[in-house]
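One file, my_file-v2.cif, carrying mmCIF, C-alpha atoms:
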```cif
data_my_file
loop_
_atom_site.label_atom_id
_atom_site.label_comp_id
_atom_site.auth_asym_id
_atom_site.auth_seq_id
_atom_site.Cartn_x
_atom_site.Cartn_y
_atom_site.Cartn_z
CA MET A 156 -13.19 -4.91 -36.41
CA GLY A 157 -11.87 -5.20 -32.91
CA GLY A 158 -12.20 -2.74 -30.09
CA PRO A 159 -9.62 -0.09 -29.28
CA GLU A 160 -6.14 -1.54 -29.33
CA ARG A 161 -4.69 -1.98 -25.87
CA ARG A 162 -1.19 -0.55 -25.81
CA PRO A 163 1.49 -2.76 -24.30
CA ARG A 164 2.39 -1.49 -20.89
CA ARG A 165 5.27 -2.02 -18.52
CA LEU A 166 5.44 -0.92 -14.91
CA GLU A 167 8.70 0.83 -15.69
CA ASP A 168 6.92 3.02 -18.23
CA LEU A 169 4.85 4.61 -15.47
CA PRO A 170 6.07 8.02 -14.27
CA GLU A 171 7.93 8.59 -11.03
CA LEU A 172 5.86 9.56 -8.01
CA PRO A 173 5.63 13.27 -7.17
CA PRO A 174 8.37 14.06 -4.59
CA ASP A 175 6.00 14.56 -1.63
CA LEU A 176 4.27 11.25 -2.35
CA GLN A 177 7.59 9.43 -2.73
CA ALA A 178 8.67 10.95 0.61
CA ALA A 179 5.45 9.72 2.21
CA VAL A 180 6.01 6.21 0.82
CA GLU A 181 9.49 6.18 2.30
CA ALA A 182 8.30 7.64 5.61
CA PHE A 183 5.69 4.92 5.96
CA MET A 184 8.24 2.23 5.21
CA HIS A 185 10.78 3.63 7.68
CA LEU A 186 8.08 3.91 10.34
CA TYR A 187 6.90 0.35 9.78
CA ALA A 188 10.37 -1.08 9.07
CA PRO A 189 10.32 -3.42 12.11
CA VAL A 190 7.10 -5.01 10.86
CA ILE A 191 8.25 -5.13 7.23
CA LYS A 192 11.59 -6.68 8.13
CA ALA A 193 9.94 -9.22 10.42
CA LEU A 194 7.74 -10.28 7.50
CA SER A 195 10.88 -11.25 5.59
CA ARG A 196 11.60 -14.10 8.01
CA TYR A 197 10.76 -17.55 6.79
CA MET B 244 1.27 -0.63 26.23
CA GLY B 245 3.68 -3.51 26.01
CA ARG B 246 2.89 -4.14 22.34
CA GLU B 247 4.72 -1.07 21.05
CA THR B 248 7.70 -1.37 18.77
CA PRO B 249 9.76 1.66 19.82
CA ARG B 250 11.00 4.17 17.24
CA PRO B 251 12.79 7.42 18.08
CA SER B 252 10.13 10.05 18.71
CA ALA B 253 11.90 12.77 16.67
CA ALA B 254 11.97 10.47 13.65
CA ARG B 255 8.31 9.64 14.21
CA ASP B 256 7.46 13.35 14.15
CA ASP B 257 9.29 13.78 10.82
CA TYR B 258 7.55 10.74 9.38
CA ALA B 259 4.16 12.02 10.53
CA THR B 260 4.77 15.31 8.71
CA GLN B 261 5.72 13.50 5.51
CA LEU B 262 2.76 11.12 5.76
CA ARG B 263 0.34 14.03 5.94
CA ARG B 264 1.60 15.26 2.55
CA ALA B 265 0.65 12.12 0.61
CA ARG B 266 -2.92 12.86 -0.34
CA GLU B 267 -2.66 15.95 -2.53
CA PRO B 268 0.06 14.59 -4.86
CA PHE B 269 -1.85 11.31 -5.08
CA LEU B 270 -4.96 13.18 -6.23
CA SER B 271 -2.84 14.94 -8.86
CA LEU B 272 -1.51 11.58 -9.99
CA VAL B 273 -5.04 10.18 -10.26
CA GLU B 274 -6.06 13.20 -12.28
CA ALA B 275 -3.11 12.69 -14.66
CA LEU B 276 -3.16 8.90 -15.01
CA GLY B 277 -6.50 7.64 -13.72
CA PHE B 278 -6.96 5.71 -10.48
CA SER B 279 -5.76 2.35 -11.79
CA ASP B 280 -2.43 3.59 -13.15
CA ALA B 281 -1.90 5.82 -10.11
CA VAL B 282 -2.26 2.69 -7.95
CA ALA B 283 0.13 0.78 -10.21
CA THR B 284 2.65 3.62 -9.89
CA LEU B 285 2.42 3.54 -6.09
CA LEU B 286 2.85 -0.22 -6.14
CA ARG B 287 5.86 -0.10 -8.47
CA SER B 288 7.59 2.66 -6.48
CA SER B 289 7.06 1.11 -3.05
CA ARG B 290 8.27 -2.28 -4.31
CA ARG B 291 11.39 -0.67 -5.76
CA PHE B 292 12.18 1.07 -2.45
CA LEU B 293 11.74 -2.28 -0.69
CA GLU B 294 14.16 -4.01 -3.05
CA GLU B 295 16.73 -1.22 -2.78
CA ASN B 296 16.97 -1.34 1.04
CA PRO B 297 17.50 -4.93 2.16
CA ASP B 298 19.33 -3.90 5.34
CA GLU B 299 16.30 -2.04 6.62
CA PHE B 300 13.46 -4.14 5.20
CA GLY B 301 15.02 -7.58 4.89
CA PRO B 302 16.51 -9.24 1.84
CA ILE B 303 14.69 -9.98 -1.38
CA LEU B 304 16.12 -13.32 -2.43
CA ALA B 305 14.92 -13.03 -6.02
CA ARG B 306 14.20 -9.55 -7.32
CA GLY B 307 11.76 -8.85 -10.06
CA THR B 308 8.25 -9.78 -11.05
CA ARG B 309 7.07 -13.33 -11.70
CA ASP B 310 3.74 -12.18 -13.11
CA GLU B 311 3.59 -8.51 -14.08
CA GLY B 312 0.07 -9.09 -15.37
CA ALA B 313 -1.07 -9.77 -11.82
CA LEU B 314 0.16 -6.33 -10.80
CA TRP B 315 -1.82 -4.62 -13.52
CA TYR B 316 -4.75 -6.79 -12.53
CA ALA B 317 -4.36 -5.69 -8.88
CA ALA B 318 -4.40 -2.04 -9.88
CA GLU B 319 -7.44 -2.54 -12.11
CA ALA B 320 -9.18 -4.52 -9.38
CA ALA B 321 -8.67 -1.56 -7.05
CA GLU B 322 -10.35 0.60 -9.67
CA PHE B 323 -13.26 -1.85 -9.95
CA ALA B 324 -13.64 -1.80 -6.16
CA ARG B 325 -13.62 1.99 -6.21
CA ARG B 326 -16.24 2.14 -8.94
CA ASP B 327 -18.43 -0.58 -7.40
CA MET B 328 -18.78 1.36 -4.19
CA GLY B 329 -18.97 4.76 -5.91
CA TYR B 330 -16.06 6.13 -3.93
CA ASP B 331 -14.90 9.54 -5.14
CA VAL B 332 -11.16 9.91 -4.46
CA ARG B 333 -11.62 13.64 -3.86
CA THR B 334 -13.51 12.86 -0.65
CA ILE B 335 -12.03 11.70 2.64
CA PRO B 336 -12.61 7.93 2.80
CA GLY B 337 -14.90 6.42 5.38
CA PRO B 338 -14.51 2.86 6.69
CA ASP B 339 -16.21 1.28 3.65
CA ALA B 340 -13.47 2.44 1.29
CA ALA B 341 -10.88 0.30 3.11
CA VAL B 342 -12.03 -2.55 0.85
CA ILE B 343 -9.98 -0.90 -1.93
CA PRO B 344 -6.57 -1.34 -0.27
CA ALA B 345 -7.79 -4.69 1.08
CA ARG B 346 -8.27 -5.85 -2.52
CA ILE B 347 -4.69 -4.90 -3.37
CA PHE B 348 -3.47 -6.81 -0.30
CA SER B 349 -5.47 -9.92 -1.19
CA ILE B 350 -4.32 -10.10 -4.79
CA ILE B 351 -0.63 -9.61 -4.03
CA ALA B 352 -0.52 -11.74 -0.88
CA TYR B 353 -2.52 -14.64 -2.32
CA ARG B 354 -1.49 -14.65 -6.01
CA HIS B 355 2.25 -14.09 -5.46
CA PRO B 356 3.11 -11.93 -8.48
CA PHE B 357 6.70 -11.53 -7.22
CA PHE B 358 9.36 -14.19 -6.81
CA ASP B 359 9.91 -13.11 -3.19
CA GLY B 360 8.58 -10.59 -0.68
CA ASN B 361 4.89 -10.86 -1.57
CA LYS B 362 3.60 -10.46 2.00
CA ARG B 363 5.77 -7.41 2.53
CA THR B 364 4.74 -5.89 -0.78
CA ALA B 365 1.06 -6.62 -0.11
CA PHE B 366 1.19 -5.00 3.32
CA ILE B 367 3.14 -1.96 2.10
CA SER B 368 1.06 -1.41 -1.04
CA ALA B 369 -2.27 -1.65 0.75
CA SER B 370 -1.09 0.63 3.57
CA ILE B 371 0.32 3.24 1.22
CA LEU B 372 -2.77 3.20 -0.95
CA GLY B 373 -4.91 3.79 2.15
CA LEU B 374 -2.59 6.60 3.23
CA SER B 375 -2.75 8.18 -0.23
CA MET B 376 -6.54 7.96 -0.29
CA GLY B 377 -6.70 9.92 2.97
CA TYR B 378 -6.60 7.55 5.93
CA ARG B 379 -4.24 8.56 8.67
CA ILE B 380 -1.67 5.95 9.62
CA ARG B 381 -1.14 4.74 13.17
CA SER B 382 2.24 6.12 14.11
CA VAL B 383 3.29 3.31 16.41
CA PRO B 384 3.19 -0.10 14.76
CA TYR B 385 2.84 -3.11 17.01
CA ALA B 386 5.23 -6.03 16.95
CA GLU B 387 2.31 -8.43 16.63
CA LEU B 388 1.30 -6.99 13.26
CA GLU B 389 3.78 -9.28 11.55
CA GLU B 390 2.21 -12.42 13.01
CA GLU B 391 -1.25 -11.18 12.14
CA VAL B 392 -0.31 -10.42 8.52
CA ARG B 393 1.17 -13.91 8.23
CA GLU B 394 -1.98 -15.41 9.68
CA LEU B 395 -4.31 -13.47 7.36
CA THR B 396 -2.20 -14.52 4.39
CA ALA B 397 -1.87 -18.18 5.38
CA ARG B 398 -5.61 -18.72 5.44
CA GLU B 399 -6.37 -16.26 2.62
CA ALA B 400 -8.75 -14.25 4.77
CA ALA B 401 -11.74 -12.76 3.00
CA GLU B 402 -11.54 -9.20 1.73
CA GLY B 403 -13.96 -7.86 4.34
CA GLU B 404 -11.85 -9.27 7.13
CA VAL B 405 -8.67 -7.84 5.63
CA SER B 406 -10.40 -4.47 5.35
CA ALA B 407 -11.47 -4.60 9.01
CA TRP B 408 -7.97 -5.60 10.04
CA PHE B 409 -6.42 -2.57 8.33
CA LEU B 410 -9.01 -0.30 9.94
CA THR B 411 -8.15 -1.70 13.37
CA ASN B 412 -4.40 -1.87 13.06
CA VAL B 413 -3.06 0.57 10.45
CA PHE B 414 -5.64 3.12 9.28
CA ILE B 415 -7.37 5.84 11.24
CA VAL B 416 -10.55 7.18 9.64
CA GLU B 417 -10.68 10.97 9.59
CA GLU B 418 -13.88 12.58 10.73
CA ALA B 419 -15.97 13.66 7.73
CA GLY B 420 -15.47 17.35 7.12
CA GLY B 421 -12.43 17.46 9.41
CA SER B 422 -9.30 19.32 8.41
#
```

Whole structure, structure tokens version:
Amino acid sequence: MGGPERRPRRLEDLPELPPDLQAAVEAFMHLYAPVIKALSRY
Amino acid sequence: MGRETPRPSAARDDYATQLRRAREPFLSLVEALGFSDAVATLLRSSRRFLEENPDEFGPILARGTRDEGALWYAAEAAEFARRDMGYDVRTIPGPDAAVIPARIFSIIAYRHPFFDGNKRTAFISASILGLSMGYRIRSVPYAELEEEVRELTAREAAEGEVSAWFLTNVFIVEEAGGS
């Protein structure tokens, strides 16, 4: 007998973030956009 | 200071208000999903916002995940780090807990689970996890951060050093018991 079966998971199956947390994610990324964009340079 | 990257102050005020609202919904997410899946959800959502806004954040030359397993591993590794140090997410994190976002950074930046944009995703994911855990975020990023992130990544800096770097450059530790 094996252990508990591990269900297959996909990132897309995870729920959406609560709206305030999604807004905070976006706020951080807007605030740090110059750094984030600069990191895209090769 | 000459190192500042200017952003309009009104926008910064709005962002600061939104950043302060991250912690409570993150705690709810942890309660619903567990810490590991809450971290994976943050990672997935921040990566998606990055891919959807190439004009603001730079292009992603190849969208999608090269190794989705590495992303689950990163989220589980964050949970292991949390458990190892006995950090309770309901408490305001002290400096020691910065090793948790540092672990996310190290795994994504060094293992390259995405086809493109791994440094950006590593930096964003670690920062947002720290924010969600309860660190405040420095409101004025410095232009030199980009070079420093590249340098940390290029030599695969140890987790403790990455943790210290985030504490110096991105996170502000709240006083224990502060409001």

Inset, instruction - Identify all residues satisfying the PyMOL selection byres ((chain A and resi 172-182) around 6) in the given file; provide them as a list in words. - result: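 Written out, the selection comes to Glu171, Phe183, Met184 and His185 of chain A; Tyr258, Gln261, Leu262, Ala265 and Pro268 of chain B.
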
Please dump the current selection as a short mmCIF file (atom, residue, chain, number, x, y, z; two decimals), in the coordinates of the input; keep C-alpha atoms.
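Written file, out.cif:
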```cif
data_model
loop_
_atom_site.label_atom_id
_atom_site.label_comp_id
_atom_site.auth_asym_id
_atom_site.auth_seq_id
_atom_site.Cartn_x
_atom_site.Cartn_y
_atom_site.Cartn_z
CA GLU A 171 7.93 8.59 -11.03
CA PHE A 183 5.69 4.92 5.96
CA MET A 184 8.24 2.23 5.21
CA HIS A 185 10.78 3.63 7.68
CA TYR B 258 7.55 10.74 9.38
CA GLN B 261 5.72 13.50 5.51
CA LEU B 262 2.76 11.12 5.76
CA ALA B 265 0.65 12.12 0.61
CA PRO B 268 0.06 14.59 -4.86
#
```

Inset, instruction - Please write as number ranges by chain the full residue list that the PyMOL selection byres ((chain A and resi 166) around 10) yields on this file. - result: A: 164-165, 167-170; B: 280, 283-284, 286-288, 311-312, 314-315

What residues in chain B lie within 8 Å of chain A, counting only C-alpha atoms, written as a PDB file with C-alpha atoms, in the frame of the given file?
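Now in result.pdb:
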```pdb
ATOM      1  CA  THR B 248       7.700  -1.370  18.770  1.00  0.00           C
ATOM      2  CA  ARG B 250      11.000   4.170  17.240  1.00  0.00           C
ATOM      3  CA  ARG B 255       8.310   9.640  14.210  1.00  0.00           C
ATOM      4  CA  TYR B 258       7.550  10.740   9.380  1.00  0.00           C
ATOM      5  CA  ALA B 259       4.160  12.020  10.530  1.00  0.00           C
ATOM      6  CA  GLN B 261       5.720  13.500   5.510  1.00  0.00           C
ATOM      7  CA  LEU B 262       2.760  11.120   5.760  1.00  0.00           C
ATOM      8  CA  ARG B 263       0.340  14.030   5.940  1.00  0.00           C
ATOM      9  CA  ARG B 264       1.600  15.260   2.550  1.00  0.00           C
ATOM     10  CA  ALA B 265       0.650  12.120   0.610  1.00  0.00           C
ATOM     11  CA  ARG B 266      -2.920  12.860  -0.340  1.00  0.00           C
ATOM     12  CA  PRO B 268       0.060  14.590  -4.860  1.00  0.00           C
ATOM     13  CA  PHE B 269      -1.850  11.310  -5.080  1.00  0.00           C
ATOM     14  CA  LEU B 272      -1.510  11.580  -9.990  1.00  0.00           C
ATOM     15  CA  ASP B 280      -2.430   3.590 -13.150  1.00  0.00           C
ATOM     16  CA  ALA B 283       0.130   0.780 -10.210  1.00  0.00           C
ATOM     17  CA  THR B 284       2.650   3.620  -9.890  1.00  0.00           C
ATOM     18  CA  LEU B 285       2.420   3.540  -6.090  1.00  0.00           C
ATOM     19  CA  ARG B 287       5.860  -0.100  -8.470  1.00  0.00           C
ATOM     20  CA  SER B 288       7.590   2.660  -6.480  1.00  0.00           C
ATOM     21  CA  SER B 289       7.060   1.110  -3.050  1.00  0.00           C
ATOM     22  CA  PHE B 292      12.180   1.070  -2.450  1.00  0.00           C
ATOM     23  CA  GLU B 299      16.300  -2.040   6.620  1.00  0.00           C
ATOM     24  CA  PHE B 300      13.460  -4.140   5.200  1.00  0.00           C
ATOM     25  CA  GLY B 301      15.020  -7.580   4.890  1.00  0.00           C
ATOM     26  CA  PRO B 302      16.510  -9.240   1.840  1.00  0.00           C
ATOM     27  CA  GLU B 311       3.590  -8.510 -14.080  1.00  0.00           C
ATOM     28  CA  GLY B 360       8.580 -10.590  -0.680  1.00  0.00           C
ATOM     29  CA  LYS B 362       3.600 -10.460   2.000  1.00  0.00           C
ATOM     30  CA  ARG B 363       5.770  -7.410   2.530  1.00  0.00           C
ATOM     31  CA  ILE B 367       3.140  -1.960   2.100  1.00  0.00           C
ATOM     32  CA  ILE B 371       0.320   3.240   1.220  1.00  0.00           C
ATOM     33  CA  SER B 375      -2.750   8.180  -0.230  1.00  0.00           C
ATOM     34  CA  SER B 382       2.240   6.120  14.110  1.00  0.00           C
ATOM     35  CA  VAL B 383       3.290   3.310  16.410  1.00  0.00           C
ATOM     36  CA  PRO B 384       3.190  -0.100  14.760  1.00  0.00           C
ATOM     37  CA  TYR B 385       2.840  -3.110  17.010  1.00  0.00           C
ATOM     38  CA  ALA B 386       5.230  -6.030  16.950  1.00  0.00           C
ATOM     39  CA  LEU B 388       1.300  -6.990  13.260  1.00  0.00           C
ATOM     40  CA  GLU B 389       3.780  -9.280  11.550  1.00  0.00           C
ATOM     41  CA  ARG B 393       1.170 -13.910   8.230  1.00  0.00           C
TER      42      ARG B 393
END
```

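For the file at hand, the PyMOL selection byres ((chain B and resi 415) around 8) resolves to Tyr378, Arg379, Ile380, Arg381, Leu410, Thr411, Val413, Phe414, Val416 and Glu417 of chain B.
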
Inset, instruction - Mind giving me the straight-line distance from atom CA of B:Val342 to atom CA of B:Ala317 in Å, one decimal? - result: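 For atom CA of B:Val342 relative to atom CA of B:Ala317, the distance reads 12.8 Å.
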
Inset, instruction - Find the distance between atom CA of B:Val405 and atom CA of B:Asp298 and write it in Å to one decimal. - result: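 Distance between the two atoms: 28.3 Å.
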
Using all atoms listed in the file, what table do you get, as CSV, when you list each residue of stretch 369-414 of chain B with an atom no more than 12 Å from stretch 319-324 of chain B, its nearest pair of atoms, and their distance in Å rounded to one decimal, rows by chain then rising number?
```
residue,atom,partner,partner_atom,distance
B:Ala369,CA,B:Ala321,CA,10.1
B:Leu372,CA,B:Ala321,CA,9.7
B:Gly373,CA,B:Ala321,CA,11.3
B:Met376,CA,B:Ala321,CA,11.9
B:Glu402,CA,B:Ala324,CA,11.0
```

Legend entry - B:Glu391, B:Ala345, B:Gly377, B:Ser368 ranked by distance to B:Ala407, top pick (using only C-alpha atoms): B:Ala345

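With atom CA of B:Thr396 on one side and atom CA of B:Val332 on the other, the separation reads 27.5 Å.
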
Inset, instruction - Excluding B:Gly403 and any residue of its chain fewer than 4 positions from it, enumerate the residues within 12 Å of it, using only C-alpha atoms, and give them as a list in words. - result: Pro338, Asp339, Ala340, Ala341, Val342, Ile343, Pro344, Ala345, Arg346, Phe348, Ser349, Leu395, Glu399, Ala407, Trp408, Phe409 and Leu410 of chain B

Inset, instruction - Identify the residues within 10 Å of coordinate (4.8, -11.9, -2.0) (same frame as the file), considering all atoms listed in the file, and give the answer as a PyMOL selection string. - result: (chain A and resi 195) or (chain B and resi 308+348+350-366+396)
